[in-house]
Structures are given as structure tokens and as C-alpha cells.
file protein.txt (compact mmCIF, C-alpha atoms)
# COMPACT_ATOMS: atom_id res chain seq x y z
CA MET O 1 0.00 0.00 0.00
CA ASN O 2 1.49 3.31 -1.11
CA ILE O 3 0.35 5.91 1.44
CA ARG O 4 2.27 8.67 -0.38
CA SER O 5 -0.05 8.33 -3.37
CA LEU O 6 -2.90 9.95 -1.40
CA THR O 7 -3.93 13.41 -2.60
CA ARG O 8 -5.28 16.50 -0.85
CA GLY O 9 -8.75 15.51 -1.98
CA ASP O 10 -8.30 12.21 -0.16
CA GLY O 11 -7.36 14.23 2.93
CA VAL O 12 -10.67 16.10 2.67
CA VAL O 13 -12.51 12.80 2.36
CA ILE O 14 -10.74 11.35 5.42
CA GLY O 15 -11.43 14.44 7.54
CA ALA O 16 -15.11 14.53 6.57
CA ALA O 17 -15.49 10.83 7.37
CA VAL O 18 -14.05 11.38 10.86
CA VAL O 19 -16.49 14.26 11.50
CA LEU O 20 -19.38 12.13 10.21
CA PHE O 21 -18.48 9.29 12.57
CA ILE O 22 -18.35 11.68 15.53
CA ALA O 23 -21.75 13.14 14.55
CA SER O 24 -23.31 9.68 14.76
CA PHE O 25 -22.96 9.82 18.58
CA LEU O 26 -24.70 13.20 18.90
CA GLY O 27 -28.43 13.78 19.23
CA LEU O 28 -30.47 13.60 16.05
CA SER O 29 -33.18 15.99 17.22
CA SER O 30 -33.42 18.87 19.66
CA ILE O 31 -35.99 19.31 22.41
CA ASP O 32 -37.82 22.55 23.13
CA CYS O 33 -37.80 22.57 26.88
CA PRO O 34 -40.68 24.54 28.49
CA SER O 35 -39.75 27.10 31.10
CA GLY O 36 -39.51 25.71 34.60
CA VAL O 37 -38.99 22.11 33.40
CA ASP O 38 -35.69 20.30 33.81
CA CYS O 39 -34.96 18.62 30.44
CA SER O 40 -31.47 17.43 31.30
CA ASN O 41 -32.73 13.90 31.97
CA PHE O 42 -34.36 13.51 28.56
CA ASP O 43 -32.63 10.84 26.46
CA ARG O 44 -31.87 12.23 23.01
CA ALA O 45 -31.59 9.43 20.43
CA ASN O 46 -28.51 9.30 18.23
CA ALA O 47 -27.81 7.48 14.96
CA TRP O 48 -26.93 4.26 16.77
CA ASP O 49 -30.51 4.09 18.06
CA THR O 50 -31.87 4.23 14.49
CA LEU O 51 -30.48 1.38 12.41
CA GLY O 52 -31.83 2.53 9.05
CA LEU O 53 -30.37 6.04 9.33
CA LEU O 54 -27.11 4.71 10.75
CA MET O 55 -26.50 2.37 7.81
CA SER O 56 -27.81 4.58 4.99
CA MET O 57 -26.17 7.85 6.05
CA PHE O 58 -23.44 7.66 8.66
CA LEU O 59 -21.81 4.29 8.04
CA ALA O 60 -22.43 4.50 4.28
CA GLY O 61 -20.41 7.72 4.16
CA VAL O 62 -17.60 6.30 6.32
CA ILE O 63 -17.40 3.09 4.28
CA GLY O 64 -17.38 5.11 1.05
CA ALA O 65 -14.43 7.17 2.34
CA VAL O 66 -12.53 4.00 3.25
CA LEU O 67 -13.09 2.54 -0.23
CA ILE O 68 -11.86 5.75 -1.88
CA VAL O 69 -8.66 5.80 0.19
CA VAL O 70 -7.98 2.08 -0.37
CA ALA O 71 -8.52 2.49 -4.11
CA ARG O 72 -6.04 5.37 -4.19
CA ALA O 73 -3.38 3.56 -2.14
CA MET O 74 -3.90 0.20 -3.91
CA PRO O 75 -4.96 0.97 -7.52
CA GLY O 76 -6.59 -1.71 -9.64
CA ARG O 77 -8.72 -3.29 -6.89
CA LYS O 78 -12.25 -4.17 -8.06
CA VAL O 79 -15.41 -5.66 -6.55
CA ALA O 80 -17.94 -7.31 -8.90
CA GLY O 81 -16.23 -5.59 -11.84
CA LEU O 82 -16.50 -2.12 -10.27
CA ASP O 83 -13.54 -0.06 -9.21
CA LEU O 84 -13.38 0.48 -5.45
CA GLY O 85 -13.03 4.23 -5.89
CA GLN O 86 -16.16 4.49 -8.05
CA PHE O 87 -18.15 2.41 -5.59
CA GLY O 88 -16.95 4.60 -2.74
CA VAL O 89 -17.96 7.83 -4.53
CA ALA O 90 -21.43 6.38 -5.12
CA LEU O 91 -21.77 5.61 -1.40
CA THR O 92 -20.79 9.16 -0.38
CA ILE O 93 -23.40 10.65 -2.76
CA PHE O 94 -26.02 8.25 -1.39
CA ALA O 95 -25.13 9.32 2.18
CA LEU O 96 -25.60 12.98 1.22
CA TRP O 97 -28.92 12.18 -0.47
CA THR O 98 -30.19 10.44 2.69
CA ALA O 99 -28.99 13.23 5.00
CA PHE O 100 -30.63 15.96 2.90
CA TRP O 101 -34.10 14.43 2.81
CA THR O 102 -33.95 13.25 6.41
CA ILE O 103 -33.16 16.68 7.82
CA ILE O 104 -35.91 18.26 5.68
CA ASP O 105 -38.45 15.81 7.10
CA MET O 106 -37.45 16.50 10.72
CA ASN O 107 -39.25 19.11 12.81
CA SER O 108 -36.26 20.08 14.89
CA ALA O 109 -32.84 18.78 13.83
CA GLY O 110 -30.23 18.20 16.50
CA ALA O 111 -26.47 18.61 16.49
CA GLY O 112 -25.95 15.11 15.12
CA MET O 113 -28.07 15.69 12.02
CA ILE O 114 -26.75 19.18 11.34
CA LEU O 115 -23.11 18.14 11.71
CA GLY O 116 -23.80 14.94 9.76
CA LEU O 117 -25.30 16.91 6.85
CA LEU O 118 -22.28 19.23 6.71
CA ALA O 119 -19.92 16.24 6.85
CA THR O 120 -21.71 14.43 4.01
CA ILE O 121 -21.59 17.59 1.88
CA ALA O 122 -17.82 17.87 2.37
CA LEU O 123 -17.41 14.12 1.89
CA ALA O 124 -19.30 13.96 -1.42
CA ALA O 125 -17.69 17.16 -2.70
CA GLY O 126 -14.20 15.91 -1.93
CA ALA O 127 -14.88 12.52 -3.51
CA VAL O 128 -16.28 13.98 -6.74
CA ALA O 129 -13.88 16.94 -7.11
CA SER O 130 -10.62 15.13 -6.27
CA PRO O 131 -9.88 13.95 -9.84
CA LEU O 132 -11.15 17.21 -11.37
CA VAL O 133 -9.65 20.09 -9.35
CA GLY O 134 -5.91 20.64 -9.73
CA ALA O 135 -5.40 21.79 -6.12
CA LEU O 136 -7.00 18.59 -4.79
CA LYS O 137 -4.89 16.36 -7.06
CA ALA O 138 -1.64 17.48 -5.39
CA PRO O 139 0.04 14.88 -3.13
CA LEU O 140 -1.14 14.92 0.48
CA MET O 141 2.35 14.18 1.84
CA GLY O 142 5.49 15.52 0.21
CA ALA O 143 7.94 12.94 -1.04
CA PRO O 144 11.23 12.64 0.93
CA ARG O 145 14.24 14.25 -0.63
CA PRO O 146 16.15 11.63 -2.66
CA GLN O 147 19.81 10.88 -2.15
CA ALA O 148 22.17 12.20 -4.79
CA PRO O 149 22.63 9.62 -7.57
CA GLN O 150 25.88 7.67 -7.30
CA PRO O 151 28.41 8.06 -10.12
CA TYR O 152 28.45 5.03 -12.35
CA GLY O 153 30.57 2.33 -10.72
CA ALA O 154 30.97 4.13 -7.37
CA GLN O 155 30.49 2.04 -4.24
CA PRO O 156 27.61 3.09 -1.90
CA GLY O 157 28.84 4.75 1.27
CA ALA O 158 32.00 6.16 -0.26
CA THR O 159 32.89 9.71 0.75
CA GLY O 160 31.07 12.17 -1.51
CA GLY O 161 29.46 9.24 -3.33
CA ALA O 162 32.74 8.47 -5.14
CA GLY O 163 35.28 5.66 -5.17
CA TYR O 164 38.85 5.21 -6.32
CA GLY O 165 39.22 6.20 -9.93
CA TYR O 166 36.29 8.65 -9.88
CA PRO O 167 36.10 12.42 -9.42
CA GLY O 168 36.45 13.36 -5.76
CA ALA O 169 37.83 9.95 -4.76
CA PRO O 170 40.36 9.80 -1.89
CA GLN O 171 43.91 9.56 -3.19
CA PRO O 172 46.44 7.03 -1.90
CA TYR O 173 48.90 8.34 0.64
CA GLY O 174 51.66 10.35 -1.04
CA GLN O 175 49.95 10.67 -4.40
CA GLN O 176 49.28 14.07 -5.93
CA PRO O 177 46.00 14.73 -7.76
CA GLY O 178 46.39 13.89 -11.44
CA ALA O 179 49.53 11.79 -10.89
CA PRO O 180 49.43 8.25 -12.29
CA GLY O 181 50.50 6.61 -9.04
CA GLY O 182 51.75 7.13 -5.49
CA TYR O 183 54.39 5.81 -3.14
CA GLY O 184 53.95 2.13 -2.47
CA TYR O 185 51.30 1.63 -5.19
CA PRO O 186 51.64 0.10 -8.66
CA GLY O 187 52.80 2.72 -11.11
CA GLY O 188 54.03 4.99 -8.28
CA ALA O 189 56.84 7.44 -8.82
CA ALA O 190 58.94 6.27 -5.88
CA THR O 191 62.67 5.77 -6.58
CA GLN O 192 65.32 3.85 -4.71
CA PRO O 193 68.51 5.55 -3.66
CA GLY O 194 71.10 5.42 -6.43
CA GLN O 195 68.57 4.76 -9.20
CA PRO O 196 67.68 7.34 -11.87
CA GLY O 197 64.24 8.94 -11.75
CA PRO O 198 61.64 8.55 -14.53
CA THR O 199 62.15 10.58 -17.66
CA ASP O 200 59.81 13.36 -18.66
CA ALA O 201 58.67 11.40 -21.73
CA GLN O 202 57.20 8.55 -19.64
CA PRO O 203 54.44 10.61 -17.84
CA GLN O 204 53.51 12.23 -21.14
CA ALA O 205 53.17 8.82 -22.79
CA ASP O 206 50.98 7.61 -19.90
CA GLN O 207 48.71 10.64 -20.19
CA GLN O 208 48.37 10.22 -23.96
CA ALA O 209 47.45 6.54 -23.50
CA ALA O 210 44.91 7.35 -20.80
CA ALA O 211 43.17 10.13 -22.77
CA PRO O 212 41.39 7.86 -25.35
CA ALA O 213 40.22 5.53 -22.56
CA ALA O 214 38.76 8.44 -20.59
CA GLN O 215 36.99 9.76 -23.67
CA GLN O 216 35.60 6.32 -24.40
CA GLY O 217 34.19 5.94 -20.86
CA ALA O 218 32.59 9.38 -20.77
CA PRO O 219 28.78 9.35 -21.17
CA ALA O 220 27.36 10.61 -24.45
CA GLY O 221 25.78 14.03 -24.41
CA ASP O 222 25.52 16.41 -21.48
CA PHE O 223 22.47 14.82 -19.76
CA THR O 224 22.82 14.46 -15.99
CA PRO O 225 20.58 11.89 -14.21
CA PHE O 226 18.17 13.44 -11.71
CA TRP O 227 15.38 12.40 -9.38
CA PHE O 228 11.81 13.44 -10.09
CA ALA O 229 8.24 12.87 -8.90
CA VAL O 230 5.03 13.01 -10.93
CA PRO O 231 2.02 15.12 -9.82
CA VAL O 232 -0.49 12.40 -10.80
CA ALA O 233 -0.26 8.73 -11.74
CA ARG O 234 1.26 8.33 -15.22
CA PRO O 235 2.06 5.27 -17.35
CA LEU O 236 5.59 4.17 -18.17
CA TYR O 237 5.98 2.64 -21.63
CA ALA O 238 8.57 0.18 -22.90
CA GLU O 239 11.67 1.54 -24.62
CA ASP O 240 10.89 -0.43 -27.79
CA GLY O 241 7.79 1.70 -28.44
CA SER O 242 5.14 -0.84 -27.40
CA PRO O 243 1.73 0.78 -26.78
CA ASN O 244 1.10 -1.15 -23.56
CA PRO O 245 2.54 0.42 -20.37
CA ILE O 246 4.98 -1.65 -18.32
CA ALA O 247 4.45 0.24 -15.05
CA GLU O 248 2.64 3.18 -13.51
CA LEU O 249 4.48 6.01 -11.78
CA ALA O 250 2.68 7.02 -8.60
CA PRO O 251 2.75 10.54 -7.12
CA GLY O 252 4.73 10.96 -3.92
CA THR O 253 7.47 8.52 -5.05
CA TRP O 254 10.85 9.53 -6.46
CA TYR O 255 12.11 8.01 -9.71
CA LEU O 256 15.46 8.36 -11.47
CA ALA O 257 15.61 9.92 -14.94
CA VAL O 258 18.54 8.29 -16.77
CA GLU O 259 18.09 9.62 -20.31
CA GLN O 260 16.16 12.24 -22.26
CA ARG O 261 14.55 11.57 -25.64
CA GLY O 262 13.13 14.80 -26.94
CA ALA O 263 10.35 15.82 -24.56
CA ALA O 264 10.19 12.32 -23.02
CA LEU O 265 12.34 10.85 -20.26
CA VAL O 266 13.73 7.37 -19.78
CA ALA O 267 12.94 6.63 -16.14
CA GLN O 268 14.01 3.84 -13.82
CA THR O 269 11.62 2.53 -11.17
CA GLN O 270 12.60 1.41 -7.69
CA ASP O 271 12.60 -2.26 -8.74
CA GLY O 272 15.04 -1.56 -11.60
CA ARG O 273 12.62 -1.46 -14.54
CA ARG O 274 13.28 1.13 -17.26
CA GLY O 275 10.75 2.75 -19.51
CA VAL O 276 9.76 5.93 -21.33
CA LEU O 277 7.70 8.61 -19.57
CA GLN O 278 5.98 10.43 -22.42
CA ASP O 279 4.10 13.04 -20.35
CA THR O 280 6.62 15.09 -18.34
CA THR O 281 4.45 18.15 -17.65
CA GLY O 282 4.43 19.32 -14.04
CA ILE O 283 7.07 16.90 -12.75
CA GLN O 284 8.96 17.85 -9.58
CA ARG O 285 12.74 17.62 -9.81
CA GLY O 286 14.66 16.41 -6.76

call {"tool": "encode", "arguments": {"input": "protein.txt", "output": "C-alpha cells"}}
result
Amino acid sequence: MNIRSLTRGDGVVIGAAVVLFIASFLGLSSIDCPSGVDCSNFDRANAWDTLGLLMSMFLAGVIGAVLIVVARAMPGRKVAGLDLGQFGVALTIFALWTAFWTIIDMNSAGAGMILGLLATIALAAGAVASPLVGALKAPLMGAPRPQAPQPYGAQPGATGGAGYGYPGAPQPYGQQPGAPGGYGYPGGAATQPGQPGPTDAQPQADQQAAAPAAQQGAPAGDFTPFWFAVPVARPLYAEDGSPNPIAELAPGTWYLAVEQRGAALVAQTQDGRRGVLQDTTGIQRG
């Protein structure tokens, strides 16, 4: 279950469901107490004393909110061929319908009915408007900042994300930056007493031999991998151009962009799969 895929609209739905559940314990109707009469001992019925209203309004709204949240966190779940989210939206609208006509038919509505009606209005509005309003489609929880991508071939945990032979790698003791070797290491420039030092032509020959290898190992182009997150769920297609998506990128999760192809990005998921993200509008760079 991906909790970070929840949106602000889902937060509205969750909050309204909590208020609706609390309202079920409050009185459904109010009592006009005559002057001089102590009405504190009167038992005001709540939703739990009326099974029909409890199931059709209060619990229907709460169950609908749960189905919407589960469908968002676990996409693809269906019951009798219906998506859980669609079934949950239908329940929230039914709860609002019941609350509206019930409070109209009552002579004197209590705190439970008034608060329940307001909660069902917010619940149904949040459920219907979440996929339509841009502000409600934003992630509910911000994604954690990703770690800087490791240079290709660097060992995890190395200082500065680098290892020997890479930019910023620690140099062996006694070796100067850019020198081919150090004291006590293969290719070092150490000399024994009485022996002649290396000629000037030898370092130049080593540098000339190393230059083609460095150019060959350098990545093509000037693209630098970066982390990104999508604002809404978007499909990831295979690199061979197949029309069927191989994965779905969920909002609130960071993915690594490894290559750019025009306006599209080649992205890598957390399980190592690579694919093409064709719609890159509104992505958040890490």
C-alpha cells in the first residue's frame, strides 16, 4: 500500500469521514424545553438508536471514504467488476442524499443531524472533485528528498558518493591529484637511492594513452541523471515503443531519470525497470 499516493482531496474525504463518525454519537433531534422544566434527563436518540439512518447515512459515508482511500493507495482493486473508488464515490453521494431528505423531514434537527449533513456535503464534494480540481490532485504528503545519484561504478557509502578512480575519490597516501600513481602503489613514482628517476617522456606517454580511454568511458551528451516525482499517476511505456505500459508512476514517489529523448524521459523505477515517460508536464525535480 502506497500511502504517499494519497492526494489532498483524499485528505478532505478522510477528515469529513471522521467528523461524520463523531456526529453519529450526537443527538439527532433537539428538544424545546418549556420554562420551569428540567430537560437534562431527557434521552436524546442518536444514529446508533436508528439502524436505518445509521446504515444509509453515517456508516455509508464512512465506508465510502474507506473505499476511496484504499482504491487510491492500492490501484486496480475491483469488486464485482466495479472499481473500489467508483463504488466509494457512489456511497458518499447516497449518504448525502439520505442526510438531505432526512433533515428536511425533521421538525427540529439536532447537532448530530446538522453536523452529519455538513460532513456528508464535504465528503461527497471531496470525492467527486478530487480527480477534477488541480489543487485537490496534489500529493497529500510531500515525497522525501532523494539521495544524490551515485556516479556510475561508485560504491555506496563512499565519501562524496565516489570511489577510487572517480572524481572526488580519496587519493592514496603520497599521491598528488592527477599523478598516475603514489608511493607504495603500482605505477608509483617512488625511486630507490642510487637509481635514476623517470624521464619526462614517460608521464607524457601515460597521459596520452589514458586520454582515449577516458573519452571512451565518458557518457554521451551532457544529460545528468536526476530524481523526479510526478504530480499524478502516469504510465511508463517500454523503450521499444510498445503501446502497452509496463508500469505506472505514482505521485509521492521519487524516480530516477537516466536519459532524455526529446520531450520524453527514460525513467528507472525502484525495482530496476526502465521505460519511457511520455508526459513530463508538471514533474517535480529532486

call {"tool": "residues_around", "arguments": {"input": "protein.txt", "residues": "Leu96 (chain O)", "least_positions_apart": "6", "cutoff": "10 Å", "atoms": "only C-alpha atoms", "output": "ChimeraX atom specification"}}
result
/O:56-58,60-61,102,116-125

call {"tool": "atom_distance", "arguments": {"input": "protein.txt", "atom1": "CA of Ala138 (chain O)", "atom2": "CA of Gly15 (chain O)"}}
result
16.5 Å

call {"tool": "atom_distance", "arguments": {"input": "protein.txt", "atom1": "CA of Leu53 (chain O)", "atom2": "CA of Ala109 (chain O)"}}
result
13.7 Å

call {"tool": "residues_around", "arguments": {"input": "protein.txt", "residues": "Ala71 (chain O)", "least_positions_apart": "6", "cutoff": "8 Å", "atoms": "all atoms listed in the file", "output": "compact mmCIF listing (two decimals) with C-alpha atoms, in the coordinates of the input"}}
result
# COMPACT_ATOMS: atom_id res chain seq x y z
CA ARG O 77 -8.72 -3.29 -6.89
CA ASP O 83 -13.54 -0.06 -9.21
CA LEU O 84 -13.38 0.48 -5.45
CA GLY O 85 -13.03 4.23 -5.89

call {"tool": "residues_near_point", "arguments": {"input": "protein.txt", "point": "(12.5, 9.1, -19.0)", "cutoff": "6 Å", "atoms": "all atoms listed in the file", "output": "list in words"}}
result
Ala257, Glu259, Gln260, Ala264, Leu265, Val266, Ala267, Val276 and Leu277 of chain O

call {"tool": "atom_distance", "arguments": {"input": "protein.txt", "atom1": "CA of Val13 (chain O)", "atom2": "CA of Val69 (chain O)"}}
result
8.3 Å
